[in-house]
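What follows is one structure encoded as structure tokens, with my remarks underneath.
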Protein chains: 2
Amino acid sequence: MHWCRFLDGDEAAYGVVDGDSLRRMTGSPFAGGTAGGEVRPLSEVKLLIPCVPPTFYAAGANYRAHLAWAAQALGGSGQPPPRADIGYRANNGLIAQDEAIVIPRDAGGPVQVEGELVAVIGRTVKGLTRENALDCVLGYTIGNDVSERTWQRGDRTLWRAKNADTFAPMGPWITPGLDPERLEVITRVNGEEASRYRTGDAIYSFVDFLVETTKYVTLYTGDVMWLGCDGATPDITPGDVVEIEIPGIGTLRNPVAGE
Amino acid sequence: MHWCRFLDGDEAAYGVVDGDSLRRMTGSPFAGGTAGGEVRPLSEVKLLIPCVPPTFYAAGANYRAHLAWAAQALGGSGQPPPRADIGYRANNGLIAQDEAIVIPRDAGGPVQVEGELVAVIGRTVKGLTRENALDCVLGYTIGNDVSERTWQRGDRTLWRAKNADTFAPMGPWITPGLDPERLEVITRVNGEEASRYRTGDAIYSFVDFLVETTKYVTLYTGDVMWLGCDGATPDITPGDVVEIEIPGIGTLRNPVAGE
């Protein structure tokens with residue numbers, strides 16, 4: 001069972017996905033909504049991003065192989081930060097299942113993809129403990145942290161390197177009941193596997209991020225936390241199709257276009 | 001004339017402020033709303049943050065005296081970035097007029113304030129030109145970019161140094177019809193002037209930021225762009241009252257408390 005957000009006529013609505021079909025919900029999964037509508041084939045609906053986050057958090061530098069890669073490719077230290085310290089992305093970059101990643105005309109490249117587990121916060125919380133931290137999570141979805149490496153190396157911030165329009169595919173839906181430390185993230189470009197890693201290899205766990213962040217920051221219903229990536233970060237070019245699969249959730253799929 | 005957002009019973013509403021009084025609007029200033037309700041004394045309403053931004057942009061490192069200060073205090077290069085490159089803040093930090101800035105218990109300090117001009121975007125735009133850039137602006141408000149300097153020096157990102165809860169006072173309202181290059185920003189702590197600078201001294205103008213940002217990023221209705229600060233960044237401690245005044249807009253006032 002998954003919760004999706006989809007276009008019902010002109011209106012954004014939540015639905016419950018079961019296999020290849022969907023039923024519209026009364027209300028949203030954040031407010032205890034349940035499936036109430038008629039059964040429709042999933043293939044006939046336009047999926048939207050599964051939520052519009054009040055704040056879009058992103059963990060960077062949280063896997064050893066990615067740190068080693070970044071040290072070499074981007075000039076980082078290769079050292080993990082001394083604590084789980086979160087960063088931010090911008091909502092303008094978010095796109096949904098099947099929408100195109102558009103590479104800006106003047107991108108120096110390479111443009112690469114980073115497949116990530118994404119946690120969706122289900123209620124307002126602060127001061128979480130290790131014991132109760134995961135109780136605030138509604139479920140998990142998939143993110144693709146598209147990155148333009150020339151800009152990532154040269155700019156003062158990640159504003160266009162990781163936040164250009166269409167650079168943050170997220171979806172296809174939200175899945176409850178998973179263990180975030182025991183998932184696998186597989187990236188395919190044009191059907192060929194290009195990267196695979198396990199979330200259990202993260203330097204700081206998702207619980208670490210929740211506990212550390214909520215010492216100072218209130219998380220709100222619908223906030224999302226992208227949890228970083230490990231291993232290879234495959235290149236993409238216009239005409240490609242990129243898929244991020246997390247077994248248990250599903251597959252986030254986006255074509256790539258030039259501006 | 002200013003547009004404010006305020007609490008009308010249990011409901012957030014927009015109002016038109018004229019002198020010491022306010023009238024509730026039909027709709028919002030983003031959608032051509034007009035003042036329609038009865039006249040109320042401004043002193044009797046609870047002001048809210050003037051909008052809830054889909055994305056909260058912030059320009060850093062945009063004034064020479066601030067860069068020189070940051071080079072000395074935080075170890076920066078002192079050099080301006082080669083182009084107007086925007087950063088981000090998080091909505092959890094936003095508080096309204098008269099709400100308390102709360103300094104976290106374990107802040108190493110100093111905690112300082114940075115008074116800033118804030119632009120409020122009035123409609124969805126991309127690919128702005130120098131000629132039409134300012135047409136997308138609904139108006140201007142005031143921001144106080146509260147900063148914990150120990151965390152700003154030591155952390156990988158600004159997540160808690162500038163985004164801890166209550167660290168982003170914004171208000172008191174939105175004022176249309178101003179020239180963003182010809183404003184003065186005055187900071188007072190406990191009634192004593194502690195900083196004063198002119199927006200015309202910025203390295204990159206607001207138009208530079210709008211044109212450069214919208215090459216890659218769509219700005220949406222209600223997005224805010226905080227425009228950086230110059231000069232001294234006064235210390236605050238619990239018990240203080242900090243005021244940021246921009247003549248033409250008004251005064252953003254917040255007390256300071258300890259956690």
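By convention in this document, the chains of the structure tokens carry letters A, B, ... by their order, each chain's residues are numbered from 1, and ligands are numbered from 1 in the order they are shown.
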Selection near Ser147 (chain B), 7 Å with only C-alpha atoms, sequence-local residues under 2 positions removed, as a PyMOL selection string: chain B and resi 111-113+145+149+161-162
Can you pull out the residues contacting region 217-233 of chain B? Cut-off 8 Å, using only C-alpha atoms, and skip same-chain residues under 6 positions away; I want them as a PDB file with N, CA, C and O atoms, in the first residue's frame.
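Saved as part_0.pdb:
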```pdb
ATOM      1  N   ASN A  92      11.305  24.948  -5.886  1.00  0.00           N
ATOM      2  CA  ASN A  92      11.172  25.160  -7.335  1.00  0.00           C
ATOM      3  C   ASN A  92      11.734  23.994  -8.132  1.00  0.00           C
ATOM      4  O   ASN A  92      11.321  23.756  -9.258  1.00  0.00           O
ATOM      5  N   GLY A  93      12.701  23.261  -7.569  1.00  0.00           N
ATOM      6  CA  GLY A  93      13.326  22.155  -8.294  1.00  0.00           C
ATOM      7  C   GLY A  93      12.483  20.902  -8.375  1.00  0.00           C
ATOM      8  O   GLY A  93      12.769  20.015  -9.192  1.00  0.00           O
ATOM      9  N   ARG A 160      22.176  26.811  -8.003  1.00  0.00           N
ATOM     10  CA  ARG A 160      21.803  26.307  -9.337  1.00  0.00           C
ATOM     11  C   ARG A 160      22.353  24.909  -9.573  1.00  0.00           C
ATOM     12  O   ARG A 160      21.770  24.136 -10.325  1.00  0.00           O
ATOM     13  N   ASN A 163      19.642  23.123  -7.432  1.00  0.00           N
ATOM     14  CA  ASN A 163      18.292  23.670  -7.274  1.00  0.00           C
ATOM     15  C   ASN A 163      17.746  24.316  -8.533  1.00  0.00           C
ATOM     16  O   ASN A 163      16.735  25.025  -8.467  1.00  0.00           O
ATOM     17  N   ALA A 164      18.386  24.104  -9.682  1.00  0.00           N
ATOM     18  CA  ALA A 164      17.789  24.593 -10.921  1.00  0.00           C
ATOM     19  C   ALA A 164      16.421  23.922 -11.088  1.00  0.00           C
ATOM     20  O   ALA A 164      16.190  22.819 -10.581  1.00  0.00           O
ATOM     21  N   ASP A 165      15.516  24.589 -11.777  1.00  0.00           N
ATOM     22  CA  ASP A 165      14.195  24.002 -12.042  1.00  0.00           C
ATOM     23  C   ASP A 165      14.362  22.579 -12.588  1.00  0.00           C
ATOM     24  O   ASP A 165      15.227  22.345 -13.439  1.00  0.00           O
TER      25      ASP A 165
ATOM     26  N   PHE B  30      -1.773  39.432  -3.047  1.00  0.00           N
ATOM     27  CA  PHE B  30      -1.201  38.689  -4.178  1.00  0.00           C
ATOM     28  C   PHE B  30      -2.248  38.476  -5.281  1.00  0.00           C
ATOM     29  O   PHE B  30      -1.911  38.150  -6.406  1.00  0.00           O
ATOM     30  N   CYS B  51       3.822  36.777   4.873  1.00  0.00           N
ATOM     31  CA  CYS B  51       3.476  35.711   3.934  1.00  0.00           C
ATOM     32  C   CYS B  51       4.225  34.456   4.372  1.00  0.00           C
ATOM     33  O   CYS B  51       5.173  34.544   5.154  1.00  0.00           O
ATOM     34  N   VAL B  52       3.771  33.310   3.905  1.00  0.00           N
ATOM     35  CA  VAL B  52       4.457  32.038   4.162  1.00  0.00           C
ATOM     36  C   VAL B  52       5.127  31.647   2.849  1.00  0.00           C
ATOM     37  O   VAL B  52       4.464  31.209   1.914  1.00  0.00           O
ATOM     38  N   PRO B  53       6.453  31.852   2.743  1.00  0.00           N
ATOM     39  CA  PRO B  53       7.088  31.683   1.433  1.00  0.00           C
ATOM     40  C   PRO B  53       7.190  30.221   0.992  1.00  0.00           C
ATOM     41  O   PRO B  53       7.612  29.376   1.772  1.00  0.00           O
ATOM     42  N   PRO B  54       6.836  29.923  -0.247  1.00  0.00           N
ATOM     43  CA  PRO B  54       7.141  28.594  -0.793  1.00  0.00           C
ATOM     44  C   PRO B  54       8.647  28.313  -0.747  1.00  0.00           C
ATOM     45  O   PRO B  54       9.060  27.222  -0.382  1.00  0.00           O
ATOM     46  N   THR B  55       9.451  29.306  -1.103  1.00  0.00           N
ATOM     47  CA  THR B  55      10.907  29.196  -0.927  1.00  0.00           C
ATOM     48  C   THR B  55      11.420  30.501  -0.316  1.00  0.00           C
ATOM     49  O   THR B  55      10.979  31.584  -0.668  1.00  0.00           O
ATOM     50  N   PHE B  56      12.346  30.337   0.602  1.00  0.00           N
ATOM     51  CA  PHE B  56      12.893  31.441   1.405  1.00  0.00           C
ATOM     52  C   PHE B  56      14.344  31.625   0.948  1.00  0.00           C
ATOM     53  O   PHE B  56      15.228  30.869   1.330  1.00  0.00           O
ATOM     54  N   TYR B  57      14.549  32.607   0.066  1.00  0.00           N
ATOM     55  CA  TYR B  57      15.890  32.890  -0.478  1.00  0.00           C
ATOM     56  C   TYR B  57      16.609  33.920   0.385  1.00  0.00           C
ATOM     57  O   TYR B  57      15.973  34.806   0.949  1.00  0.00           O
ATOM     58  N   ALA B  58      17.932  33.833   0.428  1.00  0.00           N
ATOM     59  CA  ALA B  58      18.715  34.816   1.175  1.00  0.00           C
ATOM     60  C   ALA B  58      20.044  35.058   0.463  1.00  0.00           C
ATOM     61  O   ALA B  58      20.782  34.120   0.166  1.00  0.00           O
ATOM     62  N   ALA B  59      20.314  36.308   0.182  1.00  0.00           N
ATOM     63  CA  ALA B  59      21.608  36.700  -0.387  1.00  0.00           C
ATOM     64  C   ALA B  59      22.602  36.834   0.748  1.00  0.00           C
ATOM     65  O   ALA B  59      22.322  37.493   1.743  1.00  0.00           O
ATOM     66  N   GLY B  60      23.745  36.216   0.642  1.00  0.00           N
ATOM     67  CA  GLY B  60      24.797  36.407   1.636  1.00  0.00           C
ATOM     68  C   GLY B  60      25.934  37.154   0.978  1.00  0.00           C
ATOM     69  O   GLY B  60      25.972  37.311  -0.241  1.00  0.00           O
ATOM     70  N   ALA B  61      26.883  37.614   1.782  1.00  0.00           N
ATOM     71  CA  ALA B  61      28.148  38.146   1.245  1.00  0.00           C
ATOM     72  C   ALA B  61      27.923  39.192   0.169  1.00  0.00           C
ATOM     73  O   ALA B  61      28.512  39.133  -0.893  1.00  0.00           O
ATOM     74  N   ASN B  62      27.058  40.183   0.442  1.00  0.00           N
ATOM     75  CA  ASN B  62      26.712  41.140  -0.611  1.00  0.00           C
ATOM     76  C   ASN B  62      27.028  42.603  -0.284  1.00  0.00           C
ATOM     77  O   ASN B  62      26.596  43.483  -0.999  1.00  0.00           O
ATOM     78  N   TYR B  63      27.771  42.824   0.793  1.00  0.00           N
ATOM     79  CA  TYR B  63      28.190  44.201   1.122  1.00  0.00           C
ATOM     80  C   TYR B  63      29.655  44.149   1.539  1.00  0.00           C
ATOM     81  O   TYR B  63      30.071  43.227   2.257  1.00  0.00           O
ATOM     82  N   ARG B  64      30.440  45.139   1.133  1.00  0.00           N
ATOM     83  CA  ARG B  64      31.899  45.094   1.354  1.00  0.00           C
ATOM     84  C   ARG B  64      32.278  45.117   2.838  1.00  0.00           C
ATOM     85  O   ARG B  64      33.155  44.386   3.273  1.00  0.00           O
ATOM     86  N   ALA B  65      31.597  45.962   3.623  1.00  0.00           N
ATOM     87  CA  ALA B  65      31.970  46.027   5.042  1.00  0.00           C
ATOM     88  C   ALA B  65      31.611  44.707   5.743  1.00  0.00           C
ATOM     89  O   ALA B  65      32.335  44.252   6.633  1.00  0.00           O
ATOM     90  N   HIS B  66      30.518  44.079   5.321  1.00  0.00           N
ATOM     91  CA  HIS B  66      30.137  42.800   5.925  1.00  0.00           C
ATOM     92  C   HIS B  66      31.124  41.704   5.524  1.00  0.00           C
ATOM     93  O   HIS B  66      31.496  40.851   6.348  1.00  0.00           O
ATOM     94  N   TRP B  69      34.216  42.175   7.603  1.00  0.00           N
ATOM     95  CA  TRP B  69      33.946  41.688   8.952  1.00  0.00           C
ATOM     96  C   TRP B  69      33.974  40.156   8.981  1.00  0.00           C
ATOM     97  O   TRP B  69      34.576  39.543   9.871  1.00  0.00           O
ATOM     98  N   GLN B 112      24.166  37.334  17.062  1.00  0.00           N
ATOM     99  CA  GLN B 112      24.130  38.687  16.516  1.00  0.00           C
ATOM    100  C   GLN B 112      22.941  38.855  15.572  1.00  0.00           C
ATOM    101  O   GLN B 112      22.357  37.872  15.119  1.00  0.00           O
ATOM    102  N   VAL B 113      22.611  40.109  15.286  1.00  0.00           N
ATOM    103  CA  VAL B 113      21.489  40.384  14.390  1.00  0.00           C
ATOM    104  C   VAL B 113      21.988  41.067  13.119  1.00  0.00           C
ATOM    105  O   VAL B 113      22.961  41.822  13.135  1.00  0.00           O
ATOM    106  N   GLU B 114      21.325  40.743  12.018  1.00  0.00           N
ATOM    107  CA  GLU B 114      21.627  41.341  10.721  1.00  0.00           C
ATOM    108  C   GLU B 114      20.302  41.861  10.149  1.00  0.00           C
ATOM    109  O   GLU B 114      19.460  41.073   9.719  1.00  0.00           O
ATOM    110  N   GLY B 115      20.128  43.161  10.142  1.00  0.00           N
ATOM    111  CA  GLY B 115      18.902  43.768   9.605  1.00  0.00           C
ATOM    112  C   GLY B 115      18.948  43.798   8.089  1.00  0.00           C
ATOM    113  O   GLY B 115      19.951  44.212   7.510  1.00  0.00           O
ATOM    114  N   GLU B 116      17.880  43.348   7.448  1.00  0.00           N
ATOM    115  CA  GLU B 116      17.899  43.207   5.991  1.00  0.00           C
ATOM    116  C   GLU B 116      16.597  43.684   5.342  1.00  0.00           C
ATOM    117  O   GLU B 116      15.510  43.501   5.893  1.00  0.00           O
ATOM    118  N   LEU B 117      16.734  44.237   4.167  1.00  0.00           N
ATOM    119  CA  LEU B 117      15.595  44.481   3.296  1.00  0.00           C
ATOM    120  C   LEU B 117      15.156  43.144   2.698  1.00  0.00           C
ATOM    121  O   LEU B 117      15.991  42.336   2.297  1.00  0.00           O
ATOM    122  N   VAL B 118      13.846  42.910   2.647  1.00  0.00           N
ATOM    123  CA  VAL B 118      13.294  41.660   2.121  1.00  0.00           C
ATOM    124  C   VAL B 118      12.316  41.990   1.000  1.00  0.00           C
ATOM    125  O   VAL B 118      11.403  42.802   1.185  1.00  0.00           O
ATOM    126  N   ALA B 119      12.506  41.366  -0.157  1.00  0.00           N
ATOM    127  CA  ALA B 119      11.566  41.532  -1.268  1.00  0.00           C
ATOM    128  C   ALA B 119      10.569  40.386  -1.272  1.00  0.00           C
ATOM    129  O   ALA B 119      10.933  39.231  -1.046  1.00  0.00           O
ATOM    130  N   VAL B 120       9.312  40.701  -1.526  1.00  0.00           N
ATOM    131  CA  VAL B 120       8.244  39.696  -1.608  1.00  0.00           C
ATOM    132  C   VAL B 120       7.806  39.579  -3.067  1.00  0.00           C
ATOM    133  O   VAL B 120       7.396  40.581  -3.680  1.00  0.00           O
ATOM    134  N   ILE B 121       7.919  38.374  -3.609  1.00  0.00           N
ATOM    135  CA  ILE B 121       7.619  38.135  -5.028  1.00  0.00           C
ATOM    136  C   ILE B 121       6.096  38.014  -5.205  1.00  0.00           C
ATOM    137  O   ILE B 121       5.438  37.301  -4.454  1.00  0.00           O
ATOM    138  N   GLY B 122       5.567  38.699  -6.208  1.00  0.00           N
ATOM    139  CA  GLY B 122       4.122  38.777  -6.376  1.00  0.00           C
ATOM    140  C   GLY B 122       3.531  37.833  -7.401  1.00  0.00           C
ATOM    141  O   GLY B 122       2.312  37.664  -7.453  1.00  0.00           O
ATOM    142  N   ARG B 123       4.366  37.228  -8.249  1.00  0.00           N
ATOM    143  CA  ARG B 123       3.810  36.303  -9.247  1.00  0.00           C
ATOM    144  C   ARG B 123       4.901  35.360  -9.754  1.00  0.00           C
ATOM    145  O   ARG B 123       6.080  35.585  -9.508  1.00  0.00           O
ATOM    146  N   THR B 124       4.494  34.322 -10.445  1.00  0.00           N
ATOM    147  CA  THR B 124       5.412  33.301 -10.942  1.00  0.00           C
ATOM    148  C   THR B 124       6.192  33.846 -12.135  1.00  0.00           C
ATOM    149  O   THR B 124       5.588  34.301 -13.108  1.00  0.00           O
ATOM    150  N   VAL B 125       7.531  33.804 -12.032  1.00  0.00           N
ATOM    151  CA  VAL B 125       8.363  34.375 -13.105  1.00  0.00           C
ATOM    152  C   VAL B 125       9.626  33.539 -13.312  1.00  0.00           C
ATOM    153  O   VAL B 125      10.167  32.935 -12.388  1.00  0.00           O
ATOM    154  N   LYS B 126      10.108  33.540 -14.556  1.00  0.00           N
ATOM    155  CA  LYS B 126      11.423  32.992 -14.891  1.00  0.00           C
ATOM    156  C   LYS B 126      12.001  33.836 -16.032  1.00  0.00           C
ATOM    157  O   LYS B 126      11.255  34.494 -16.755  1.00  0.00           O
ATOM    158  N   GLY B 143      13.650  41.949   7.414  1.00  0.00           N
ATOM    159  CA  GLY B 143      14.059  40.688   8.010  1.00  0.00           C
ATOM    160  C   GLY B 143      15.211  40.889   8.981  1.00  0.00           C
ATOM    161  O   GLY B 143      16.010  41.818   8.836  1.00  0.00           O
ATOM    162  N   ALA B 194      22.697  50.785  16.671  1.00  0.00           N
ATOM    163  CA  ALA B 194      23.872  49.909  16.676  1.00  0.00           C
ATOM    164  C   ALA B 194      24.414  49.665  15.272  1.00  0.00           C
ATOM    165  O   ALA B 194      25.532  49.157  15.110  1.00  0.00           O
ATOM    166  N   SER B 195      23.646  50.004  14.247  1.00  0.00           N
ATOM    167  CA  SER B 195      24.091  49.790  12.865  1.00  0.00           C
ATOM    168  C   SER B 195      23.202  50.621  11.943  1.00  0.00           C
ATOM    169  O   SER B 195      22.005  50.804  12.219  1.00  0.00           O
ATOM    170  N   ARG B 196      23.791  51.099  10.857  1.00  0.00           N
ATOM    171  CA  ARG B 196      23.026  51.858   9.854  1.00  0.00           C
ATOM    172  C   ARG B 196      23.752  51.702   8.525  1.00  0.00           C
ATOM    173  O   ARG B 196      24.969  51.864   8.456  1.00  0.00           O
ATOM    174  N   TYR B 197      23.026  51.333   7.483  1.00  0.00           N
ATOM    175  CA  TYR B 197      23.655  51.270   6.154  1.00  0.00           C
ATOM    176  C   TYR B 197      22.612  51.556   5.086  1.00  0.00           C
ATOM    177  O   TYR B 197      21.408  51.575   5.354  1.00  0.00           O
ATOM    178  N   ALA B 202      25.156  47.901  -1.854  1.00  0.00           N
ATOM    179  CA  ALA B 202      25.302  46.460  -2.116  1.00  0.00           C
ATOM    180  C   ALA B 202      26.230  46.220  -3.302  1.00  0.00           C
ATOM    181  O   ALA B 202      26.298  47.030  -4.236  1.00  0.00           O
ATOM    182  N   PHE B 206      19.573  44.191  -6.212  1.00  0.00           N
ATOM    183  CA  PHE B 206      18.454  43.258  -6.208  1.00  0.00           C
ATOM    184  C   PHE B 206      18.109  42.841  -7.644  1.00  0.00           C
ATOM    185  O   PHE B 206      17.810  41.672  -7.906  1.00  0.00           O
TER     186      PHE B 206
END
```
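A straight line drawn from CA of Ala90 (chain B) to CA of Gly9 (chain B) is 27.2 Å long.
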Helix (DSSP H, G or I) call set, DSSP backbone run, region 30-250 of chain A, as an MDAnalysis selection string: chainID A and resid 30:31 42:44 64:74 91:93 133:136 149:154 199:201 206:213
Proximity to Gly109 (chain A) - best of A:Val146, A:Met1, A:Leu134, A:Ala168, only C-alpha atoms: A:Val146
Shell of 9 Å around Val242 (chain A), only C-alpha atoms, local chain residues under 6 positions omitted, as a count of residues only: 12
Contact residues around Leu48 (chain A) with only C-alpha atoms at 12 Å, ignoring same-chain residues under 5 positions, as a PyMOL selection string: chain A and resi 3-8+10-15+94-99+169-174+252
Filtered DSSP result for region 57-258 of chain B, state strand (DSSP E or B), as a PyMOL selection string: chain B and resi 57-59+86-89+94-95+101-103+111-112+115-121+125+137-144+147-148+168-175+184-189+192-198+219+224-226+235+241-246+250-258
